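Asker: File data33.cif below, mmCIF, C-alpha atoms:
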```cif
data_final
#
loop_
_atom_site.label_atom_id
_atom_site.label_comp_id
_atom_site.auth_asym_id
_atom_site.auth_seq_id
_atom_site.Cartn_x
_atom_site.Cartn_y
_atom_site.Cartn_z
CA MET A 253 8.64 11.36 33.68
CA TYR A 254 7.60 7.79 33.08
CA THR A 255 8.21 5.28 35.85
CA LYS A 256 10.13 2.14 35.01
CA SER A 257 8.35 -1.18 34.51
CA THR A 258 7.35 -2.84 37.73
CA ALA A 259 8.50 -6.31 38.71
CA ALA A 260 5.05 -7.64 37.87
CA ASP A 261 5.21 -6.18 34.37
CA THR A 262 8.64 -7.71 33.84
CA ASP A 263 7.38 -11.09 35.03
CA ILE A 264 4.46 -10.96 32.57
CA GLN A 265 6.83 -10.09 29.73
CA HIS A 266 9.04 -13.06 30.57
CA ARG A 267 6.04 -15.38 30.76
CA ARG A 268 4.79 -14.12 27.42
CA ALA A 269 8.20 -14.66 25.82
CA GLY A 270 8.37 -18.20 27.22
CA LEU A 271 4.93 -19.15 25.91
CA ALA A 272 5.29 -17.55 22.48
CA ALA A 273 6.79 -19.26 19.47
CA LYS A 274 10.27 -18.47 18.23
CA PRO A 275 10.56 -15.69 15.64
CA GLY A 276 11.39 -16.43 12.03
CA ALA A 277 10.47 -19.57 10.13
CA ALA A 278 9.69 -21.55 13.30
CA GLY A 279 7.15 -18.94 14.36
CA LEU A 280 5.55 -18.85 10.91
CA ILE A 281 5.14 -22.63 10.92
CA LYS A 282 3.75 -22.79 14.47
CA ASN A 283 1.26 -20.05 13.61
CA GLY A 284 0.40 -21.65 10.29
CA ARG A 285 -3.24 -20.55 10.27
CA THR A 286 -2.35 -16.90 10.85
CA THR A 287 0.41 -17.11 8.24
CA ALA A 288 -1.96 -18.58 5.66
CA ILE A 289 -4.53 -15.84 6.31
CA ALA A 290 -1.85 -13.16 5.92
CA VAL A 291 -0.65 -14.68 2.64
CA PHE A 292 -4.19 -14.62 1.27
CA ALA A 293 -4.87 -11.06 2.48
CA SER A 294 -1.60 -9.92 0.88
CA MET A 295 -3.27 -10.49 -2.47
CA GLY A 296 -4.14 -6.83 -2.07
CA GLY A 297 -0.45 -6.03 -2.49
CA LEU A 298 -0.25 -8.28 -5.54
CA ILE A 299 -3.13 -6.34 -7.12
CA TYR A 300 -1.38 -3.05 -6.42
CA GLY A 301 1.93 -4.26 -7.82
CA TYR A 302 0.37 -5.76 -10.93
CA ASN A 303 -1.54 -2.59 -11.72
CA GLN A 304 1.55 -0.48 -11.15
CA GLY A 305 3.74 -2.55 -13.46
CA MET A 306 1.14 -3.33 -16.10
CA PHE A 307 0.18 0.17 -17.15
CA GLY A 308 3.68 1.22 -18.14
CA GLN A 309 3.83 -1.67 -20.58
CA VAL A 310 0.30 -1.24 -21.93
CA LEU A 311 0.87 2.47 -22.52
CA SER A 312 3.56 1.66 -25.07
CA MET A 313 1.28 -0.64 -27.15
CA TYR A 314 0.20 0.71 -30.52
CA SER A 315 -3.41 -0.48 -30.34
CA PHE A 316 -3.86 1.01 -26.86
CA GLY A 317 -2.57 4.36 -28.06
CA GLN A 318 -5.04 4.31 -30.92
CA ALA A 319 -7.99 3.36 -28.72
CA SER A 320 -7.20 5.78 -25.88
CA GLY A 321 -5.78 8.66 -27.88
CA THR A 322 -2.59 8.73 -25.81
CA ASN A 323 -0.41 8.69 -28.93
CA GLY A 324 -1.59 12.18 -29.82
CA ILE A 325 -0.94 13.80 -26.44
CA SER A 326 1.70 16.52 -26.72
CA ASN A 327 1.13 18.19 -23.34
CA PRO A 328 3.75 16.74 -20.95
CA THR A 329 1.60 17.53 -17.90
CA LEU A 330 -1.35 15.57 -19.30
CA ALA A 331 0.93 12.74 -20.35
CA GLY A 332 2.31 12.57 -16.84
CA LEU A 333 -1.16 12.71 -15.32
CA LEU A 334 -2.12 9.50 -17.08
CA THR A 335 0.33 7.66 -14.86
CA SER A 336 0.45 9.76 -11.72
CA ILE A 337 -3.31 10.04 -11.27
CA LEU A 338 -3.23 6.53 -9.82
CA GLU A 339 -1.06 7.80 -6.94
CA LEU A 340 -3.42 10.75 -6.45
CA GLY A 341 -6.36 8.38 -6.08
CA ALA A 342 -4.33 6.13 -3.79
CA TRP A 343 -3.47 9.10 -1.55
CA ILE A 344 -7.14 9.99 -1.16
CA GLY A 345 -8.04 6.34 -0.64
CA VAL A 346 -5.54 5.99 2.19
CA LEU A 347 -6.85 9.11 3.96
CA PHE A 348 -10.46 7.94 3.71
CA ASN A 349 -9.62 4.40 4.75
CA GLY A 350 -8.47 5.51 8.19
CA TYR A 351 -12.08 6.37 8.99
CA SER A 352 -13.74 3.50 7.09
CA ALA A 353 -11.49 0.88 8.69
CA ASP A 354 -12.76 1.92 12.13
CA ARG A 355 -16.34 2.50 11.03
CA LEU A 356 -16.90 -0.55 8.81
CA GLY A 357 -14.21 -2.87 10.06
CA ARG A 358 -11.14 -4.26 8.34
CA LYS A 359 -12.96 -6.90 6.29
CA LEU A 360 -15.66 -4.65 4.86
CA SER A 361 -13.01 -2.03 4.07
CA VAL A 362 -11.18 -4.61 1.98
CA VAL A 363 -14.43 -5.46 0.17
CA LEU A 364 -15.10 -1.78 -0.53
CA ALA A 365 -11.56 -1.32 -1.86
CA CYS A 366 -11.97 -4.32 -4.17
CA VAL A 367 -15.28 -2.96 -5.50
CA LEU A 368 -13.65 0.39 -6.28
CA PHE A 369 -10.72 -1.36 -7.94
CA VAL A 370 -12.94 -3.51 -10.17
CA LEU A 371 -15.04 -0.47 -11.10
CA GLY A 372 -11.92 1.45 -12.10
CA VAL A 373 -10.63 -1.42 -14.23
CA ILE A 374 -13.97 -1.72 -16.04
CA ILE A 375 -13.93 2.01 -16.81
CA GLN A 376 -10.44 1.70 -18.31
CA ALA A 377 -11.42 -1.33 -20.37
CA CYS A 378 -14.30 0.65 -21.92
CA VAL A 379 -11.98 3.21 -23.51
CA ARG A 380 -12.78 3.91 -27.16
CA ASN A 381 -12.69 6.50 -29.93
CA GLY A 382 -9.42 7.97 -28.70
CA ASN A 383 -11.03 9.34 -25.53
CA TYR A 384 -8.41 9.22 -22.78
CA ASP A 385 -10.93 10.47 -20.19
CA TYR A 386 -11.78 6.82 -19.59
CA ILE A 387 -8.17 6.19 -18.61
CA LEU A 388 -7.96 9.23 -16.35
CA GLY A 389 -11.23 8.47 -14.58
CA GLY A 390 -10.61 4.73 -14.41
CA ARG A 391 -7.10 5.03 -13.00
CA PHE A 392 -8.27 7.53 -10.40
CA VAL A 393 -11.00 5.16 -9.17
CA THR A 394 -8.54 2.27 -9.32
CA GLY A 395 -6.15 4.35 -7.23
CA LEU A 396 -8.83 4.77 -4.56
CA GLY A 397 -9.04 0.99 -4.34
CA VAL A 398 -5.35 0.11 -4.33
CA GLY A 399 -4.59 2.95 -1.93
CA SER A 400 -7.10 1.56 0.53
CA LEU A 401 -5.70 -1.95 0.09
CA SER A 402 -2.14 -0.75 0.65
CA MET A 403 -3.21 0.55 4.07
CA ILE A 404 -5.79 -1.96 5.27
CA VAL A 405 -4.00 -5.20 4.34
CA PRO A 406 -0.84 -4.56 6.45
CA LEU A 407 -3.08 -3.33 9.28
CA TYR A 408 -5.21 -6.48 9.12
CA ASN A 409 -2.16 -8.75 9.04
CA ALA A 410 -0.53 -6.91 11.95
CA GLU A 411 -3.64 -7.15 14.13
CA LEU A 412 -4.01 -10.88 13.54
CA ALA A 413 -0.34 -11.73 14.03
CA PRO A 414 1.40 -12.54 17.31
CA ALA A 415 4.27 -10.25 18.23
CA GLU A 416 7.04 -12.68 17.28
CA ILE A 417 6.06 -12.86 13.58
CA ARG A 418 4.23 -9.55 13.17
CA GLY A 419 7.05 -7.93 11.21
CA SER A 420 7.32 -10.88 8.83
CA LEU A 421 3.60 -10.92 8.07
CA VAL A 422 3.42 -7.15 7.55
CA ALA A 423 6.37 -7.40 5.15
CA LEU A 424 4.32 -9.79 3.00
CA GLN A 425 2.60 -6.71 1.58
CA GLN A 426 5.81 -5.44 -0.02
CA LEU A 427 6.74 -8.93 -1.20
CA ALA A 428 3.32 -9.26 -2.83
CA ILE A 429 3.71 -5.87 -4.54
CA THR A 430 7.03 -6.80 -6.14
CA PHE A 431 5.65 -10.21 -7.11
CA GLY A 432 2.70 -8.51 -8.79
CA ILE A 433 5.04 -6.21 -10.71
CA MET A 434 6.99 -9.23 -11.95
CA ILE A 435 3.82 -11.01 -13.08
CA SER A 436 2.62 -7.91 -14.92
CA TYR A 437 5.85 -7.77 -16.93
CA TRP A 438 5.55 -11.37 -18.06
CA ILE A 439 1.86 -11.10 -18.95
CA THR A 440 2.30 -7.92 -20.99
CA TYR A 441 5.42 -9.39 -22.60
CA GLY A 442 3.43 -12.44 -23.62
CA SER A 443 0.53 -10.43 -24.98
CA LYS A 444 2.92 -8.53 -27.24
CA PHE A 445 5.63 -10.90 -28.39
CA LEU A 446 4.89 -14.59 -27.75
CA SER A 447 2.95 -17.24 -29.70
CA VAL A 448 4.77 -16.60 -32.97
CA ILE A 449 3.15 -18.46 -35.87
CA ASN A 450 4.48 -19.42 -39.28
CA MET A 451 3.65 -16.67 -41.70
CA ALA A 452 5.20 -15.10 -44.77
CA SER A 453 8.87 -14.31 -44.35
CA THR A 454 8.07 -10.60 -44.40
CA ASP A 455 5.72 -10.91 -41.43
CA ARG A 456 7.23 -13.63 -39.25
CA LYS A 457 7.21 -11.43 -36.18
CA ALA A 458 3.41 -11.27 -36.10
CA ASN A 459 1.64 -13.18 -33.32
CA PHE A 460 -1.83 -14.45 -32.49
CA ILE A 461 -3.15 -11.03 -31.48
CA GLY A 462 -1.93 -9.29 -34.60
CA GLY A 463 1.64 -8.24 -33.98
CA THR A 464 2.99 -5.07 -32.41
CA GLY A 465 2.15 -2.50 -35.08
CA GLU A 466 -0.96 -1.40 -36.95
CA THR A 467 -2.34 -4.96 -37.05
CA GLN A 468 -2.20 -5.35 -33.26
CA SER A 469 -5.50 -6.44 -31.74
CA LYS A 470 -7.23 -4.81 -28.79
CA ALA A 471 -6.66 -8.05 -26.90
CA ALA A 472 -3.00 -7.03 -26.55
CA TRP A 473 -3.97 -4.50 -23.87
CA LEU A 474 -7.46 -5.65 -22.88
CA VAL A 475 -6.18 -8.98 -21.54
CA PRO A 476 -3.55 -7.45 -19.19
CA ILE A 477 -6.00 -4.79 -18.00
CA THR A 478 -9.05 -6.97 -17.37
CA ILE A 479 -7.27 -10.03 -15.97
CA GLN A 480 -6.57 -8.14 -12.74
CA ILE A 481 -10.28 -8.22 -11.94
CA LEU A 482 -9.98 -11.92 -11.05
CA PRO A 483 -7.68 -11.59 -7.98
CA ALA A 484 -9.70 -8.58 -6.80
CA ILE A 485 -12.92 -10.62 -6.84
CA VAL A 486 -11.21 -13.56 -5.12
CA LEU A 487 -9.89 -11.26 -2.39
CA GLY A 488 -13.17 -9.38 -1.93
CA VAL A 489 -15.20 -12.59 -1.60
CA GLY A 490 -12.62 -14.62 0.30
CA ILE A 491 -11.96 -12.00 2.97
CA MET A 492 -15.53 -12.44 4.23
CA PHE A 493 -14.69 -16.02 5.27
CA LEU A 494 -11.67 -14.94 7.30
CA PRO A 495 -11.73 -13.93 10.99
CA GLN A 496 -12.34 -10.35 12.01
CA SER A 497 -9.53 -8.34 13.56
CA PRO A 498 -9.40 -8.97 17.35
CA ARG A 499 -8.40 -5.36 18.00
CA TRP A 500 -11.33 -4.02 15.99
CA LEU A 501 -13.69 -6.32 17.87
CA MET A 502 -12.28 -4.97 21.13
CA ASP A 503 -12.78 -1.40 19.93
CA GLN A 504 -16.44 -2.24 19.23
CA GLY A 505 -16.97 -3.63 22.72
CA ARG A 506 -17.23 -7.23 21.50
CA ASP A 507 -14.81 -8.64 24.04
CA GLU A 508 -16.05 -12.24 23.94
CA GLU A 509 -15.71 -12.42 20.16
CA CYS A 510 -12.22 -10.95 20.45
CA LEU A 511 -11.20 -13.71 22.87
CA ALA A 512 -12.76 -16.41 20.69
CA VAL A 513 -10.93 -15.17 17.57
CA LEU A 514 -7.60 -15.04 19.42
CA ALA A 515 -8.08 -18.59 20.70
CA ASP A 516 -8.94 -19.82 17.20
CA LEU A 517 -5.95 -18.08 15.63
CA ARG A 518 -3.52 -19.43 18.23
CA ARG A 519 -5.10 -22.91 18.20
CA GLN A 520 -5.41 -22.89 21.98
CA PRO A 521 -8.34 -22.80 24.43
CA PRO A 522 -9.58 -19.35 25.52
CA ASP A 523 -8.30 -19.86 29.07
CA SER A 524 -4.74 -20.70 28.04
CA PRO A 525 -2.09 -18.34 29.48
CA LEU A 526 -0.84 -17.21 26.06
CA VAL A 527 -4.32 -16.29 24.81
CA GLN A 528 -5.23 -14.59 28.07
CA ILE A 529 -2.05 -12.50 28.13
CA GLU A 530 -2.55 -11.33 24.53
CA TYR A 531 -6.22 -10.64 25.20
CA LEU A 532 -5.39 -8.52 28.25
CA GLU A 533 -2.72 -6.64 26.29
CA ILE A 534 -5.31 -5.68 23.68
CA LYS A 535 -7.83 -4.74 26.34
CA SER A 536 -5.36 -2.60 28.30
CA GLN A 537 -4.36 -0.79 25.11
CA LYS A 538 -8.02 -0.10 24.38
CA VAL A 539 -8.61 1.24 27.91
CA PHE A 540 -5.53 3.44 27.67
CA GLU A 541 -6.55 4.90 24.30
CA GLN A 542 -10.08 5.51 25.57
CA ARG A 543 -8.89 7.37 28.65
CA VAL A 544 -6.49 9.48 26.61
CA SER A 545 -9.36 10.33 24.24
CA GLU A 546 -11.63 11.25 27.15
CA ASN A 547 -8.90 13.43 28.62
CA ASP A 548 -8.04 15.20 25.36
CA HIS A 549 -11.52 15.47 23.79
CA PRO A 550 -14.20 15.24 26.50
CA ASN A 551 -16.79 16.91 24.26
CA LEU A 552 -16.63 14.16 21.60
CA GLN A 553 -17.48 11.13 23.73
CA ASP A 554 -21.23 10.78 23.05
CA GLY A 555 -20.65 7.97 20.51
CA THR A 556 -22.56 9.56 17.60
CA ALA A 557 -21.30 9.27 14.04
CA LYS A 558 -20.56 13.00 13.92
CA SER A 559 -18.53 12.92 17.13
CA ASN A 560 -16.61 9.84 16.00
CA PHE A 561 -15.79 11.54 12.70
CA LEU A 562 -14.63 14.72 14.43
CA LEU A 563 -12.64 12.60 16.87
CA GLY A 564 -10.86 10.99 13.94
CA ILE A 565 -10.07 14.42 12.50
CA ALA A 566 -8.70 15.50 15.87
CA GLN A 567 -6.49 12.43 16.01
CA TYR A 568 -5.11 13.22 12.55
CA LYS A 569 -4.49 16.77 13.73
CA SER A 570 -2.55 15.47 16.74
CA LEU A 571 0.02 14.01 14.35
CA ILE A 572 1.19 17.60 13.83
CA THR A 573 0.19 19.44 16.99
CA ASN A 574 1.61 16.87 19.42
CA ARG A 575 5.39 17.13 19.56
CA ALA A 576 6.01 13.42 20.09
CA ASN A 577 3.57 12.40 17.35
CA LEU A 578 5.13 14.96 15.02
CA ARG A 579 8.55 13.33 15.46
CA ARG A 580 7.08 9.95 14.63
CA THR A 581 5.19 11.35 11.65
CA LEU A 582 8.23 13.12 10.23
CA VAL A 583 10.40 10.02 10.48
CA ALA A 584 7.75 7.90 8.74
CA VAL A 585 6.90 10.42 6.01
CA LEU A 586 10.49 11.47 5.27
CA THR A 587 11.63 7.84 5.16
CA MET A 588 9.08 7.07 2.44
CA THR A 589 9.78 10.35 0.65
CA PHE A 590 13.51 9.72 0.42
CA GLN A 591 12.85 6.11 -0.52
CA GLN A 592 10.93 7.28 -3.58
CA TRP A 593 13.49 10.03 -4.23
CA THR A 594 16.00 7.31 -5.06
CA GLY A 595 13.96 6.59 -8.20
CA LYS A 596 13.11 3.04 -7.12
CA SER A 597 9.77 3.12 -8.91
CA ARG A 598 11.10 4.28 -12.27
CA THR A 599 10.98 0.80 -13.80
CA SER A 600 7.60 -0.18 -12.41
CA SER A 601 5.27 2.68 -13.29
CA GLY A 602 5.50 3.98 -16.80
CA ALA A 603 9.21 3.54 -17.52
CA ASP A 604 8.78 2.94 -21.24
CA SER A 605 9.89 4.71 -24.37
CA ARG A 606 8.19 7.98 -23.47
CA CYS A 607 8.46 10.41 -20.61
CA GLN A 608 5.11 9.74 -19.01
CA LEU A 609 5.36 11.65 -15.75
CA HIS A 610 5.33 15.35 -15.15
CA PRO A 611 8.84 16.68 -15.91
CA VAL A 612 9.09 18.95 -12.88
CA LEU A 613 12.80 18.31 -12.53
CA CYS A 614 13.30 19.33 -16.13
CA THR A 615 11.27 22.48 -15.58
CA LEU A 616 13.56 23.33 -12.68
CA HIS A 617 16.55 22.84 -15.00
CA LEU A 618 17.77 19.91 -12.94
CA CYS A 619 17.92 17.94 -16.16
CA ARG A 620 17.70 18.59 -19.89
CA SER A 621 15.84 16.58 -22.47
CA GLN A 622 18.24 14.41 -24.45
CA SER A 623 15.99 11.46 -25.16
CA ARG A 624 12.46 10.29 -24.41
CA ARG A 625 13.35 7.77 -21.74
CA GLY A 626 11.22 8.36 -18.61
CA TYR A 627 12.19 7.89 -14.98
CA ASN A 628 9.60 7.71 -12.25
CA VAL A 629 10.92 9.69 -9.28
CA PRO A 630 9.22 10.89 -6.06
CA VAL A 631 5.84 9.32 -5.40
CA GLY A 632 5.33 8.57 -9.08
CA ILE A 633 4.74 12.22 -9.93
CA TRP A 634 8.09 13.66 -11.00
CA CYS A 635 9.90 12.56 -14.13
CA CYS A 636 13.49 13.22 -15.13
CA ARG A 637 14.47 12.68 -18.74
CA ARG A 638 17.93 11.47 -19.58
CA CYS A 639 20.28 14.35 -18.87
CA HIS A 640 23.29 15.84 -20.60
CA VAL A 641 25.06 15.15 -17.30
CA PRO A 642 24.35 11.47 -16.44
CA ARG A 643 25.30 11.93 -12.80
CA ASN A 644 22.12 13.97 -12.15
CA TYR A 645 20.08 10.82 -11.72
CA SER A 646 22.85 9.28 -9.64
CA ASP A 647 22.75 12.35 -7.41
CA CYS A 648 19.01 11.84 -6.87
CA HIS A 649 19.63 8.21 -5.99
CA LEU A 650 22.48 9.05 -3.62
CA SER A 651 20.60 11.87 -1.89
CA GLY A 652 17.61 9.58 -1.42
CA GLN A 653 19.82 6.91 0.15
CA LEU A 654 21.43 9.44 2.51
CA GLY A 655 18.04 10.85 3.50
CA THR A 656 16.67 7.40 4.26
CA LYS A 657 19.72 6.56 6.37
CA ALA A 658 19.32 9.83 8.29
CA CYS A 659 15.69 9.06 9.09
CA SER A 660 16.67 5.60 10.25
CA TYR A 661 19.37 7.08 12.49
CA PHE A 662 17.10 9.65 14.15
CA GLY A 663 14.40 7.04 14.56
CA ARG A 664 16.67 4.67 16.50
CA HIS A 665 19.32 6.88 18.10
CA PRO A 666 18.84 7.99 21.72
CA HIS A 667 19.01 11.62 20.65
CA GLY A 668 16.13 10.91 18.30
CA ASN A 669 14.11 9.01 20.90
CA LEU A 670 10.50 8.94 19.78
CA SER A 671 8.89 8.19 23.12
CA PHE A 672 6.24 10.68 24.18
CA ARG A 673 7.40 10.99 27.75
CA ARG A 674 9.00 14.38 27.04
CA SER A 675 5.82 15.97 25.75
CA ARG A 676 3.33 15.00 28.44
CA ASP A 677 2.78 12.82 31.46
CA TYR A 678 0.08 10.14 31.23
CA ARG A 679 0.44 8.75 34.72
CA SER A 680 -2.64 10.58 35.93
CA ILE A 681 -4.90 9.26 33.17
#
```
Could you express the structure from this file as structure tokens?
Answerer:
Amino acid sequence: MYTKSTAADTDIQHRRAGLAAKPGAAGLIKNGRTTAIAVFASMGGLIYGYNQGMFGQVLSMYSFGQASGTNGISNPTLAGLLTSILELGAWIGVLFNGYSADRLGRKLSVVLACVLFVLGVIIQACVRNGNYDYILGGRFVTGLGVGSLSMIVPLYNAELAPAEIRGSLVALQQLAITFGIMISYWITYGSKFLSVINMASTDRKANFIGGTGETQSKAAWLVPITIQILPAIVLGVGIMFLPQSPRWLMDQGRDEECLAVLADLRRQPPDSPLVQIEYLEIKSQKVFEQRVSENDHPNLQDGTAKSNFLLGIAQYKSLITNRANLRRTLVAVLTMTFQQWTGKSRTSSGADSRCQLHPVLCTLHLCRSQSRRGYNVPVGIWCCRRCHVPRNYSDCHLSGQLGTKACSYFGRHPHGNLSFRRSRDYRSI
């Protein structure tokens, strides 16, 4: 069993609380430099949100269908893959980024993600002659980039932030995603319907890029697709001028740099009590993790690239083999699964006039095709067409809400205590 905190530990916690800023708006203002850095880094979320919302609108444009050949696709699986392949790439990108973030650092991982994203966008913009392979390949590469950004940006913000505003700065990622989705709707709306000019009475709905039918120009979809390169370049270049993560510096044995970065972020001298306490917290966490690693995997401590890679694999494996880690993993994974099961993404990723995602639910006879309205359900892969029984979608939404609430309950309730004290005793390490 774990021993309770000593009086000295309690005293340090009280001193830390007294020196730290208040949570909320006051803390964000006092830590203005850290807040500004987090806002800039959250541009990665904006890129993800814009790409997610933009493609559903572009896919319904006549000129894009002619250029990419998507108008002639009759296979529902292939039609769904056009949208869901982004999530497939993002999944792989997230898995790979766990290793690259430790190997290359947080900043270089962001640069790599931006390069992949820009490359994927360029591939999509080169689509021609009705060849949708450009879209499939481009969206997969783009997914690698946005998946990496969706993992590394919150991690970077969390490692720079003091404890009192850490939750607020991490939440900027989700705010940036929804803001990017909103921007994508307005840009694609403008490229299709705005700038009406005076023309013959029979063609007054035409606009400067040729209208919405056969006369529509390629600019209608090229502008929304290629414009997202700009924020990716700004993020990839700008991140190099921002401070490195103090925790990553500590992991690399660069203790003095870690202390200097913390002092700069907190706008206090390195020997100030607040900076010293936070520095020692990071250092003690590093020592603890190192001793646990030495105890669990003594044969992978030679520091070579191969051993570090195998050590990372072993740590991933511990998410399942270790009982306490498994509880944490299940709560996190099931929470996100049920969140998507509610159908929250149906309006942001391909919810246009066609069923664009794989109709697994329809195959399972959970719904029947009545129209061609698409709904993006779990993880952007399943699609449910409008049903004969309208409550089917409501049932999905309700079951997703109940599942999310259950995960929240077991994550916070004493009977669902996630501490690892029941699975092993670390006092001897």
Asker: Need the shell around A:Phe590: protein/DNA/RNA residues with any atom at most 7 Å away, counting all atoms listed in the file. Skip same-chain ones fewer than 4 positions apart. Format as a list of chain:residue names?
Answerer: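 Residues near the query, excluding close chain neighbours: A:Leu586, A:Thr594, A:Gly652, A:Gln653, A:Gly655, A:Thr656.
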Asker: Determine the residue membership of the PyMOL selection byres ((chain A and resi 314) around 12) for the file above and supply it as a PyMOL selection string.
Answerer: chain A and resi 309-313+315-324+444+462-473
Asker: Evaluate the PyMOL selection byres ((chain A and resi 285-290) around 8) here and jot the selected residues down as a PyMOL selection string.
Answerer: chain A and resi 280-281+283-284+291-294+409+412-413+421+424+494+517-518
Asker: Just give me the gap between atom CA of A:Asp503 and atom CA of A:Tyr351 in Å, one decimal is fine.
Answerer: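 Taking atom CA of A:Asp503 and atom CA of A:Tyr351, their separation equals 13.4 Å.
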Asker: Which is closest to A:Arg580 among A:Leu474, A:Gly301, A:Val422, A:Cys659, if we use all atoms listed in the file?
Answerer: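 Ranking A:Leu474, A:Gly301, A:Val422, A:Cys659 by distance to A:Arg580, first place goes to A:Cys659.
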